[in-house]
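Structure file upload-v9.txt (compact mmCIF, C-alpha atoms (C1' of nucleotides)) follows.
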```txt
# COMPACT_ATOMS: atom_id res chain seq x y z
CA MET A 79 24.55 10.39 -16.84
CA SER A 80 24.52 6.69 -16.01
CA LEU A 81 23.15 5.04 -19.13
CA LYS A 82 25.85 6.89 -21.03
CA PHE A 83 28.61 5.04 -19.20
CA VAL A 84 26.78 1.74 -19.33
CA LEU A 85 26.70 1.99 -23.13
CA LEU A 86 30.32 3.11 -23.30
CA THR A 87 31.28 0.14 -21.12
CA LEU A 88 29.41 -2.36 -23.26
CA LEU A 89 30.65 -0.91 -26.56
CA ASP A 90 34.20 -0.88 -25.25
CA ARG A 91 33.95 -4.59 -24.54
CA GLU A 92 32.64 -5.23 -28.04
CA PRO A 93 31.22 -3.07 -30.84
CA ARG A 94 27.51 -3.61 -31.27
CA THR A 95 24.32 -2.29 -32.79
CA GLY A 96 21.60 -0.65 -30.75
CA TYR A 97 19.58 -3.76 -31.14
CA ASP A 98 22.42 -5.87 -29.76
CA LEU A 99 22.66 -3.57 -26.75
CA VAL A 100 18.97 -3.97 -26.01
CA ARG A 101 19.32 -7.74 -26.16
CA THR A 102 22.32 -7.54 -23.86
CA PHE A 103 20.10 -5.74 -21.35
CA GLU A 104 17.52 -8.45 -21.75
CA THR A 105 20.03 -11.20 -21.06
CA ALA A 106 23.52 -10.97 -19.56
CA VAL A 107 23.44 -7.44 -18.14
CA GLY A 108 19.81 -7.59 -17.08
CA TYR A 109 20.87 -8.53 -13.55
CA PHE A 110 22.00 -4.99 -12.90
CA TRP A 111 20.84 -2.76 -15.71
CA ASN A 112 18.22 -2.39 -18.39
CA ALA A 113 16.91 0.19 -20.78
CA SER A 114 14.24 0.24 -23.45
CA HIS A 115 15.20 0.34 -27.12
CA GLN A 116 13.95 3.92 -27.33
CA GLN A 117 16.31 4.98 -24.58
CA VAL A 118 19.21 3.12 -26.13
CA TYR A 119 18.77 4.63 -29.60
CA ARG A 120 18.31 8.11 -28.18
CA GLU A 121 21.44 7.82 -26.06
CA LEU A 122 23.43 6.35 -28.97
CA GLY A 123 22.36 9.36 -31.05
CA ALA A 124 23.51 11.72 -28.30
CA LEU A 125 26.81 9.86 -27.89
CA ALA A 126 27.40 10.04 -31.64
CA ASP A 127 26.60 13.77 -31.65
CA ALA A 128 29.14 14.23 -28.87
CA ARG A 129 31.67 12.17 -30.88
CA LEU A 130 32.10 9.68 -28.06
CA VAL A 131 31.09 6.82 -30.33
CA LYS A 132 31.37 6.26 -34.06
CA PHE A 133 29.49 3.79 -36.22
CA LYS A 134 29.87 1.82 -39.39
CA GLN A 135 26.75 1.50 -41.52
CA VAL A 136 26.45 -2.10 -42.64
CA GLU A 137 24.13 -3.07 -45.44
CA GLN A 138 22.66 -6.51 -45.13
CA GLU A 139 20.87 -8.29 -47.90
CA ASP A 140 18.71 -10.51 -45.76
CA LYS A 141 17.88 -8.04 -42.94
CA PRO A 142 17.48 -4.27 -42.50
CA ASP A 143 20.66 -2.22 -42.55
CA LYS A 144 22.37 -1.70 -39.23
CA LYS A 145 24.87 0.60 -37.54
CA ILE A 146 27.68 -0.99 -35.62
CA TYR A 147 28.76 1.37 -32.87
CA SER A 148 32.17 1.49 -31.26
CA LEU A 149 34.07 3.91 -29.04
CA SER A 150 35.95 6.82 -30.51
CA SER A 151 39.23 7.78 -28.88
CA SER A 152 37.49 10.52 -26.91
CA GLY A 153 34.88 7.96 -25.89
CA GLN A 154 37.64 5.76 -24.53
CA LYS A 155 39.06 8.73 -22.70
CA ALA A 156 35.66 9.62 -21.22
CA LEU A 157 35.20 6.06 -20.02
CA ARG A 158 38.68 5.92 -18.49
CA LEU A 159 38.02 9.20 -16.72
CA TRP A 160 34.75 7.91 -15.31
CA LEU A 161 36.47 4.76 -14.07
CA GLU A 162 39.07 6.82 -12.22
CA ASN A 163 36.46 8.71 -10.22
CA PRO A 164 34.96 7.12 -7.12
CA LEU A 165 31.31 6.20 -7.35
CA LYS A 166 28.87 7.93 -5.09
CA THR A 167 27.26 5.37 -2.81
CA GLN A 168 23.86 4.80 -4.23
CA LYS A 169 20.73 4.92 -2.18
CA ASN A 170 18.13 2.32 -2.92
CA LYS A 171 14.43 2.79 -3.02
CA ASP A 172 12.11 0.04 -1.97
CA LEU A 173 8.41 0.35 -2.70
CA LEU A 174 7.61 -2.91 -0.92
CA LEU A 175 8.71 -1.34 2.33
CA VAL A 176 6.64 1.74 1.60
CA LYS A 177 3.64 -0.49 1.13
CA LEU A 178 4.36 -2.46 4.30
CA LEU A 179 4.61 0.79 6.23
CA ASN A 180 0.84 0.97 5.77
CA ALA A 181 0.26 -2.34 7.54
CA ASN A 182 -2.39 -2.39 10.21
CA SER A 183 -4.79 -4.93 11.62
CA ASP A 184 -7.43 -4.04 9.03
CA ASN A 185 -5.36 -4.63 5.93
CA LEU A 186 -3.19 -7.47 7.25
CA SER A 187 -4.34 -9.98 4.65
CA LEU A 188 -3.60 -7.49 1.86
CA MET A 189 -0.08 -7.13 3.14
CA GLN A 190 0.36 -10.86 3.51
CA GLU A 191 -0.80 -11.41 -0.06
CA GLU A 192 1.77 -8.91 -1.28
CA LEU A 193 4.41 -10.69 0.78
CA GLN A 194 3.47 -14.08 -0.62
CA ARG A 195 3.57 -12.74 -4.16
CA ASN A 196 6.99 -11.32 -3.49
CA ILE A 197 8.22 -14.57 -1.96
CA HIS A 198 6.95 -16.50 -4.94
CA ASP A 199 8.51 -14.16 -7.50
CA SER A 200 11.79 -14.19 -5.62
CA GLU A 201 11.84 -17.98 -5.47
CA VAL A 202 11.19 -18.23 -9.19
CA LEU A 203 14.01 -15.81 -9.92
CA GLN A 204 16.26 -17.63 -7.47
CA ALA A 205 15.62 -20.93 -9.23
CA THR A 206 16.40 -19.31 -12.57
CA TYR A 207 19.67 -17.87 -11.33
CA LEU A 208 20.73 -21.13 -9.72
CA LYS A 209 19.99 -23.03 -12.91
CA ILE A 210 22.10 -20.59 -14.88
CA GLU A 211 24.91 -20.98 -12.39
CA GLN A 212 24.79 -24.78 -12.61
CA ARG A 213 24.57 -24.75 -16.37
CA TYR A 214 27.23 -22.20 -17.23
CA TYR A 215 29.45 -21.84 -14.19
CA SER A 216 30.16 -25.34 -12.90
CA ALA A 217 33.44 -25.93 -11.08
CA LYS A 218 34.82 -27.41 -14.28
CA GLN A 219 33.76 -24.48 -16.46
CA MET A 220 35.06 -21.98 -13.89
CA ARG A 221 38.60 -23.26 -14.38
CA SER A 222 38.61 -22.02 -17.96
CA LEU A 223 36.31 -19.01 -17.59
CA PRO A 224 37.24 -16.31 -20.14
CA VAL A 225 38.39 -13.15 -18.34
CA ASP A 226 35.70 -11.05 -19.97
CA GLN A 227 33.09 -13.33 -18.42
CA VAL A 228 34.33 -13.02 -14.85
CA MET A 229 32.29 -9.95 -13.95
CA ILE A 230 29.23 -11.32 -15.72
CA TYR A 231 29.51 -14.22 -13.32
CA ALA A 232 30.02 -11.78 -10.44
CA ALA A 233 26.77 -10.12 -11.46
CA LEU A 234 24.99 -13.45 -11.28
CA ARG A 235 26.47 -14.09 -7.84
CA LYS A 236 25.23 -10.69 -6.74
CA GLY A 237 21.76 -11.66 -7.87
CA ILE A 238 21.92 -14.98 -6.05
CA LEU A 239 23.21 -13.54 -2.77
CA SER A 240 20.77 -10.63 -2.86
CA ILE A 241 17.77 -12.83 -3.42
CA GLU A 242 18.85 -15.16 -0.65
CA ALA A 243 19.06 -12.24 1.76
CA HIS A 244 15.79 -10.85 0.47
CA LEU A 245 14.00 -14.15 1.08
CA ALA A 246 15.42 -14.35 4.59
CA TRP A 247 14.13 -10.85 5.23
CA LEU A 248 10.71 -11.61 3.80
CA SER A 249 10.43 -14.48 6.25
CA GLU A 250 11.32 -12.14 9.12
CA VAL A 251 8.73 -9.64 7.96
CA ASP A 252 6.10 -12.34 7.84
CA LYS A 253 6.79 -13.17 11.48
CA LEU A 254 6.84 -9.52 12.52
CA LEU A 255 3.52 -8.91 10.80
CA ARG A 256 1.87 -11.86 12.50
CA LYS A 257 3.15 -10.89 15.92
CA ALA A 258 2.10 -7.29 15.61
CA PHE A 259 -1.26 -7.46 13.88
CA ASP A 260 -2.58 -11.01 13.82
CA LYS A 261 -5.72 -11.45 15.86
CA MET S 182 4.42 7.93 -9.45
CA SER S 183 6.35 6.55 -6.51
CA LEU S 184 7.23 9.56 -4.41
CA LYS S 185 3.55 10.44 -4.47
CA PHE S 186 2.61 7.29 -2.57
CA VAL S 187 5.57 7.56 -0.24
CA LEU S 188 4.34 10.99 0.84
CA LEU S 189 0.75 9.81 1.14
CA THR S 190 1.94 6.92 3.28
CA LEU S 191 3.95 9.13 5.60
CA LEU S 192 1.25 11.80 5.90
CA ASP S 193 -1.32 9.13 6.61
CA ARG S 194 0.75 7.92 9.54
CA GLU S 195 1.06 11.45 10.83
CA PRO S 196 0.44 14.96 9.47
CA ARG S 197 3.65 16.80 8.83
CA THR S 198 5.27 19.76 7.12
CA GLY S 199 7.46 19.41 4.06
CA TYR S 200 10.43 20.05 6.27
CA ASP S 201 9.40 17.23 8.60
CA LEU S 202 9.11 14.88 5.62
CA VAL S 203 12.61 15.70 4.49
CA ARG S 204 13.94 15.00 7.96
CA THR S 205 12.03 11.73 7.99
CA PHE S 206 13.87 10.77 4.81
CA GLU S 207 17.12 11.70 6.46
CA THR S 208 16.43 9.49 9.45
CA ALA S 209 13.87 6.73 9.86
CA VAL S 210 12.81 6.21 6.26
CA GLY S 211 16.26 6.79 4.80
CA TYR S 212 16.88 3.03 4.77
CA PHE S 213 14.59 2.62 1.81
CA TRP S 214 13.70 6.02 0.44
CA ASN S 215 14.92 9.54 0.20
CA ALA S 216 14.12 12.69 -1.66
CA SER S 217 15.51 16.18 -1.66
CA HIS S 218 13.52 19.02 -0.14
CA GLN S 219 12.94 20.41 -3.63
CA GLN S 220 11.31 17.17 -4.71
CA VAL S 221 9.21 17.00 -1.58
CA TYR S 222 7.85 20.54 -1.83
CA ARG S 223 7.11 20.13 -5.53
CA GLU S 224 5.26 16.87 -4.96
CA LEU S 225 3.34 18.34 -2.02
CA GLY S 226 2.26 21.18 -4.30
CA ALA S 227 1.09 18.72 -6.94
CA LEU S 228 -0.73 16.62 -4.34
CA ALA S 229 -2.47 19.72 -3.00
CA ASP S 230 -3.47 20.78 -6.54
CA ALA S 231 -4.92 17.32 -7.05
CA ARG S 232 -6.76 17.65 -3.71
CA LEU S 233 -5.16 14.50 -2.35
CA VAL S 234 -3.73 16.41 0.58
CA LYS S 235 -4.84 19.49 2.48
CA PHE S 236 -2.80 21.78 4.70
CA LYS S 237 -3.17 24.11 7.60
CA GLN S 238 -1.06 27.26 7.51
CA VAL S 239 0.50 27.80 10.90
CA GLU S 240 2.03 31.12 11.85
CA GLN S 241 4.95 30.94 14.21
CA GLU S 242 6.44 33.86 15.99
CA ASP S 243 9.89 32.48 16.52
CA LYS S 244 10.26 30.65 13.18
CA PRO S 245 9.06 31.02 9.59
CA ASP S 246 5.44 30.06 8.92
CA LYS S 247 4.77 26.46 8.04
CA LYS S 248 2.15 24.31 6.35
CA ILE S 249 1.02 21.14 8.07
CA TYR S 250 -0.10 18.65 5.46
CA SER S 251 -2.54 15.80 5.95
CA LEU S 252 -4.52 13.45 3.71
CA SER S 253 -7.86 14.48 2.31
CA SER S 254 -10.53 11.82 1.99
CA SER S 255 -9.69 11.35 -1.69
CA GLY S 256 -6.04 11.08 -0.69
CA GLN S 257 -6.95 8.27 1.68
CA LYS S 258 -8.91 6.61 -1.08
CA ALA S 259 -5.99 6.93 -3.52
CA LEU S 260 -3.64 5.38 -0.97
CA ARG S 261 -6.02 2.52 -0.25
CA LEU S 262 -6.38 1.85 -3.96
CA TRP S 263 -2.63 1.78 -4.43
CA LEU S 264 -2.27 -0.67 -1.55
CA GLU S 265 -4.77 -3.01 -3.14
CA ASN S 266 -2.82 -3.27 -6.39
CA PRO S 267 0.14 -5.66 -6.63
CA LEU S 268 3.53 -4.03 -6.97
CA LYS S 269 5.50 -4.59 -10.12
CA THR S 270 8.78 -6.33 -9.30
CA GLN S 271 11.39 -3.65 -9.45
CA LYS S 272 14.60 -3.91 -11.39
CA ASN S 273 17.66 -2.57 -9.71
CA LYS S 274 20.52 -0.75 -11.31
CA ASP S 275 24.02 -1.17 -10.02
CA LEU S 276 26.72 1.19 -11.19
CA LEU S 277 29.39 -0.64 -9.21
CA LEU S 278 28.87 -3.68 -11.41
CA VAL S 279 29.00 -1.50 -14.50
CA LYS S 280 32.34 -0.20 -13.34
CA LEU S 281 33.64 -3.66 -12.51
CA LEU S 282 32.66 -4.83 -15.97
CA ASN S 283 35.56 -2.71 -17.16
CA ALA S 284 38.08 -4.65 -15.07
CA ASN S 285 41.20 -5.80 -16.84
CA SER S 286 44.82 -6.46 -15.89
CA ASP S 287 45.76 -2.83 -16.58
CA ASN S 288 43.24 -1.17 -14.29
CA LEU S 289 43.12 -3.84 -11.60
CA SER S 290 44.34 -1.55 -8.83
CA LEU S 291 41.72 1.04 -9.76
CA MET S 292 39.01 -1.59 -9.42
CA GLN S 293 40.42 -2.83 -6.15
CA GLU S 294 40.45 0.69 -4.76
CA GLU S 295 36.80 1.09 -5.68
CA LEU S 296 36.07 -2.24 -4.02
CA GLN S 297 37.91 -1.25 -0.86
CA ARG S 298 36.06 2.05 -0.71
CA ASN S 299 32.81 0.19 -1.09
CA ILE S 300 33.75 -2.34 1.58
CA HIS S 301 34.70 0.46 3.94
CA ASP S 302 31.52 2.44 3.35
CA SER S 303 29.42 -0.69 3.78
CA GLU S 304 31.14 -1.58 7.02
CA VAL S 305 30.58 1.89 8.40
CA LEU S 306 26.92 1.73 7.50
CA GLN S 307 26.66 -1.78 8.92
CA ALA S 308 28.13 -0.61 12.23
CA THR S 309 25.65 2.27 12.31
CA TYR S 310 22.70 0.00 11.68
CA LEU S 311 23.83 -2.53 14.29
CA LYS S 312 24.26 0.22 16.85
CA ILE S 313 20.75 1.47 16.15
CA GLU S 314 19.41 -2.06 16.50
CA GLN S 315 21.13 -2.53 19.85
CA ARG S 316 20.09 0.85 21.11
CA TYR S 317 16.43 0.92 20.07
CA TYR S 318 15.42 -2.66 19.40
CA SER S 319 16.81 -4.78 22.21
CA ALA S 320 14.94 -7.94 23.15
CA LYS S 321 13.42 -6.04 26.04
CA GLN S 322 12.28 -3.09 23.93
CA MET S 323 10.92 -5.45 21.24
CA ARG S 324 8.38 -6.82 23.70
CA SER S 325 6.67 -3.45 23.93
CA LEU S 326 7.35 -2.16 20.41
CA PRO S 327 4.54 0.18 19.27
CA VAL S 328 2.76 -1.27 16.24
CA ASP S 329 3.53 1.75 14.11
CA GLN S 330 7.23 1.11 14.69
CA VAL S 331 7.19 -2.52 13.55
CA MET S 332 7.81 -1.81 9.87
CA ILE S 333 10.41 0.81 10.70
CA TYR S 334 12.25 -1.98 12.46
CA ALA S 335 11.66 -4.24 9.46
CA ALA S 336 13.29 -1.58 7.31
CA LEU S 337 16.31 -1.58 9.57
CA ARG S 338 16.50 -5.37 9.35
CA LYS S 339 16.36 -5.11 5.58
CA GLY S 340 19.31 -2.75 5.69
CA ILE S 341 21.26 -5.06 7.95
CA LEU S 342 20.61 -8.21 5.92
CA SER S 343 21.28 -6.45 2.62
CA ILE S 344 24.58 -5.03 3.75
CA GLU S 345 25.64 -8.39 5.11
CA ALA S 346 24.93 -9.99 1.74
CA HIS S 347 26.59 -7.12 -0.06
CA LEU S 348 29.77 -7.50 1.99
CA ALA S 349 29.83 -11.23 1.35
CA TRP S 350 29.51 -10.51 -2.35
CA LEU S 351 32.25 -7.87 -2.28
CA SER S 352 34.57 -10.43 -0.75
CA GLU S 353 33.73 -12.88 -3.54
CA VAL S 354 34.39 -10.21 -6.16
CA ASP S 355 37.73 -9.47 -4.58
CA LYS S 356 38.73 -13.12 -4.95
CA LEU S 357 37.40 -13.34 -8.50
CA LEU S 358 39.33 -10.22 -9.47
CA ARG S 359 42.58 -11.55 -8.04
CA LYS S 360 42.23 -14.92 -9.70
CA ALA S 361 41.39 -13.46 -13.08
CA PHE S 362 43.71 -10.48 -13.35
CA ASP S 363 46.36 -10.52 -10.61
CA LYS S 364 49.98 -10.99 -11.67
C1' DA O 241 28.56 43.62 12.74
C1' DA O 242 29.29 39.52 10.32
C1' DC O 243 28.89 34.55 10.06
C1' DT O 244 26.86 30.19 10.55
C1' DC O 245 23.19 27.02 11.65
C1' DA O 246 18.37 25.46 11.85
C1' DT O 247 13.82 26.26 10.23
C1' DA O 248 10.88 26.70 6.24
C1' DT O 249 9.63 27.16 1.35
C1' DG O 250 9.92 27.28 -3.51
C1' DC O 251 11.18 27.98 -9.01
C1' DA O 252 13.73 26.72 -13.23
C1' DC O 253 16.31 23.80 -15.86
C1' DA O 254 18.33 19.38 -17.13
C1' DT O 255 18.21 14.55 -17.28
C1' DT O 256 16.02 10.29 -17.33
C1' DG O 257 12.24 7.15 -18.09
C1' DT O 258 7.82 5.72 -20.33
C1' DT O 259 4.38 5.39 -23.91
C1' DG O 260 2.71 5.71 -28.35
C1' DC O 261 3.57 5.86 -33.02
C1' DA O 262 6.06 4.69 -37.30
C1' DT O 263 8.73 2.12 -40.83
C1' DA O 264 10.79 -1.88 -43.28
C1' DA O 265 12.66 -6.49 -44.43
C1' DT O 266 12.97 -11.41 -43.59
C1' DT O 267 11.81 -15.65 -41.32
C1' DT O 268 8.73 -18.95 -39.38
C1' DG O 269 4.44 -21.04 -38.65
C1' DT O 270 -0.45 -22.18 -40.04
C1' DA R 27 -1.36 -17.32 -49.28
C1' DC R 28 -1.59 -15.01 -44.91
C1' DA R 29 -0.29 -13.94 -40.22
C1' DA R 30 2.93 -13.44 -36.71
C1' DA R 31 7.48 -13.04 -34.94
C1' DT R 32 12.23 -11.34 -35.31
C1' DT R 33 15.59 -8.03 -36.73
C1' DA R 34 16.54 -3.14 -37.05
C1' DT R 35 15.81 1.79 -36.44
C1' DG R 36 13.92 6.04 -34.88
C1' DC R 37 10.73 10.48 -33.43
C1' DA R 38 7.55 12.94 -30.37
C1' DA R 39 5.20 13.80 -26.29
C1' DC R 40 4.85 13.48 -21.73
C1' DA R 41 5.89 11.99 -16.90
C1' DA R 42 9.12 11.61 -13.23
C1' DT R 43 13.36 12.62 -11.04
C1' DG R 44 17.48 15.22 -9.90
C1' DT R 45 20.36 19.54 -9.49
C1' DG R 46 21.26 24.33 -8.90
C1' DC R 47 19.76 28.57 -7.36
C1' DA R 48 17.04 31.64 -4.32
C1' DT R 49 14.60 33.58 -0.30
C1' DA R 50 13.36 34.61 4.61
C1' DT R 51 13.44 34.44 9.83
C1' DG R 52 15.60 33.90 14.19
C1' DA R 53 19.21 31.98 17.30
C1' DG R 54 23.68 31.57 18.64
C1' DT R 55 28.72 32.46 17.87
C1' DT R 56 33.01 35.13 16.91
```
Conversion result in structure tokens:
Amino acid sequence: MSLKFVLLTLLDREPRTGYDLVRTFETAVGYFWNASHQQVYRELGALADARLVKFKQVEQEDKPDKKIYSLSSSGQKALRLWLENPLKTQKNKDLLLVKLLNANSDNLSLMQEELQRNIHDSEVLQATYLKIEQRYYSAKQMRSLPVDQVMIYAALRKGILSIEAHLAWLSEVDKLLRKAFDK
Amino acid sequence: MSLKFVLLTLLDREPRTGYDLVRTFETAVGYFWNASHQQVYRELGALADARLVKFKQVEQEDKPDKKIYSLSSSGQKALRLWLENPLKTQKNKDLLLVKLLNANSDNLSLMQEELQRNIHDSEVLQATYLKIEQRYYSAKQMRSLPVDQVMIYAALRKGILSIEAHLAWLSEVDKLLRKAFDK
DNA sequence: AACTCATATGCACATTGTTGCATAATTTGT
DNA sequence: ACAAATTATGCAACAATGTGCATATGAGTT
């Protein structure tokens, strides 16, 4: 039920092809959602069957033909209805914690390796996010930020704040592990 | 593939019934995983078919019969193997951000209501977590914390740090929304 | 006697996600 | 001239997850 509303949201902002949607997941929206091209095309087919979206077939001479999808009026209604209903608070699942739950004095180094990998990956991602923020959302640029970009920026901020908290936690876990199982 | 290893992890720590596992999800492990009883029983059945777990049928006079599950030797091997392999970094999905992506000057109050609900829910959860920390993980209690409880505490810390970051982000979003669409 | 709660287990169906396969045109690089 | 990458779309099979429905016992409550 979720991907459906993600696609409706994106198509409401701007009509697109399936391919465009996939690239949007790979770039701007990737902070908080993603889906494979197979999923996207399947869901677009279902949405078209349900008359929530319509599409214009566009023939291109240089590239394969494409279908530009946009919301139908009942699609707009469905989206509006979804927006009016409160979200259920979502529960997160964290496999790293599941793994760490297995920590004992025998496999300590295994756990520490996993931690270090996670720290490294998080730092790389953090650096990426911060670079994007500096490059596209400087104080100067923020003054003239287009309204449709505001929540894209909010998504980036969410990524930055989450990673910061995650790194702080990883450092705590490292200490806890040492205290409990080292030597 | 994930629930499988969650159950193996929990059963390795201590043999349990399906019912016990569900209650574990509702309490201690709920910070980072949960599954319905239907999911748990189905997965236990699959694990038993695959000979990764075994169970002892226990007849009770006062209550319905129960099955106490524990790891078989191949279950222990499967768990160990999983622990040795690096985790893939997981991508998170955030429906709140999807909803906020629809923000405009017409539906601003709708978005703000959703934000306020989210802030409220987060604060309630935060208070709960902090109370648990005070009650069960005081400085004094931490000195004699059983080793098998260390990562349960780490899970709680993860919850606390995440919610803190989430609340900070929600406050940023509130400001961004006002600046962009208010008036 | 009827109702609710806690214990305890499970099937069936629907939705979602992943993997493999398939096609077709153009552009870019070697 | 050939190979690889990019643009563009989709089906089929299977794996995993989530939701609704169903059953049974015993304890305590109204």
Where does chain O meet chain A within 8 Å, residue by residue, with the nearest atom pair and distance in Å to one decimal for each, counting all atoms listed in the file, listed by chain and rising number, as a tab-separated table?
```
residue	atom	partner	partner_atom	distance
O:DT255	C1'	A:Met79	CA	7.6
O:DG257	C1'	A:Gln117	CA	8.0
O:DA264	C1'	A:Pro142	CA	7.1
O:DA265	C1'	A:Lys141	CA	5.6
O:DT266	C1'	A:Lys141	CA	6.0
```
Residue subset to file, keeping C-alpha atoms (C1' of nucleotides), as a short mmCIF file (atom, residue, chain, number, x, y, z; two decimals), keeping the file's coordinate frame:
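The result, written out as again.cif:
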```cif
data_model
loop_
_atom_site.label_atom_id
_atom_site.label_comp_id
_atom_site.auth_asym_id
_atom_site.auth_seq_id
_atom_site.Cartn_x
_atom_site.Cartn_y
_atom_site.Cartn_z
"C1'" DT O 255 18.21 14.55 -17.28
"C1'" DG O 257 12.24 7.15 -18.09
"C1'" DA O 264 10.79 -1.88 -43.28
"C1'" DA O 265 12.66 -6.49 -44.43
"C1'" DT O 266 12.97 -11.41 -43.59
#
```
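Counting all atoms listed in the file, the residue from A:Val136, A:Leu208, A:Ala181, A:Ile197 that sits nearest to Phe259 (chain A) is A:Ala181.
Interface residues on chain R toward chain A (cut-off 12 Å, only C-alpha atoms (C1' of nucleotides)): DT32, DT33, DA34, DT35, DG36, DC37, DA38 and DG44 of chain R.
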message: Should the cut-off be 7 Å, what would the residue list for chain S against chain A look like, counting only C-alpha atoms, as a ChimeraX atom specification?
response: /S:187,190,213-214,264-265,267,273-275,278-283,291,295,328,332,335-336,339,342-343,346,350,354,361
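Reported to one decimal place, the separation of CA of Glu224 (chain S) from CA of Lys185 (chain S) is 6.7 Å.
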- line: Correct to one decimal, the distance CA of Ser253 (chain S)-CA of Arg232 (chain S) is 6.9 Å
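Residues with any atom within 12 Å of DT56 (chain R), counting all atoms listed in the file and excluding same-chain neighbours fewer than 2 positions away, are DA241, DA242, DC243 and DT244 of chain O; DG54 of chain R.
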Go ahead and dump the residues you just picked, C-alpha atoms (C1' of nucleotides), as an mmCIF file, in the coordinates of the input.
```cif
data_model
loop_
_atom_site.group_PDB
_atom_site.id
_atom_site.type_symbol
_atom_site.label_atom_id
_atom_site.label_comp_id
_atom_site.auth_asym_id
_atom_site.auth_seq_id
_atom_site.Cartn_x
_atom_site.Cartn_y
_atom_site.Cartn_z
ATOM 1 C "C1'" DA O 241 28.560 43.620 12.740
ATOM 2 C "C1'" DA O 242 29.290 39.520 10.320
ATOM 3 C "C1'" DC O 243 28.890 34.550 10.060
ATOM 4 C "C1'" DT O 244 26.860 30.190 10.550
ATOM 5 C "C1'" DG R 54 23.680 31.570 18.640
#
```
task: Could you tell me how far CA of Glu92 (chain A) lies from CA of Ser148 (chain A), in Å and to one decimal?
output: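 That distance, rounded to one decimal, is 7.5 Å.
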Listed atoms of region 232-247 of chain A boxed along x, y and z, 3 Å each side, centre and edge lengths in Å, one decimal, as AutoDock Vina command-line options:
```
--center_x 22.0 --center_y -12.6 --center_z -3.1 --size_x 22.0 --size_y 11.0 --size_z 22.7
```
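Candidate residues S:Leu262, S:Leu192, S:Leu306, S:Val234 were compared for distance to Leu348 (chain S), and the nearest is S:Leu306, using all atoms listed in the file.
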field: DC253 (chain O) environment, 10 Å, all atoms listed in the file, sequence neighbours closer than 2 positions dropped, as an NGL selection string
entry: (:O and (251 or 255)) or (:R and (45-46))
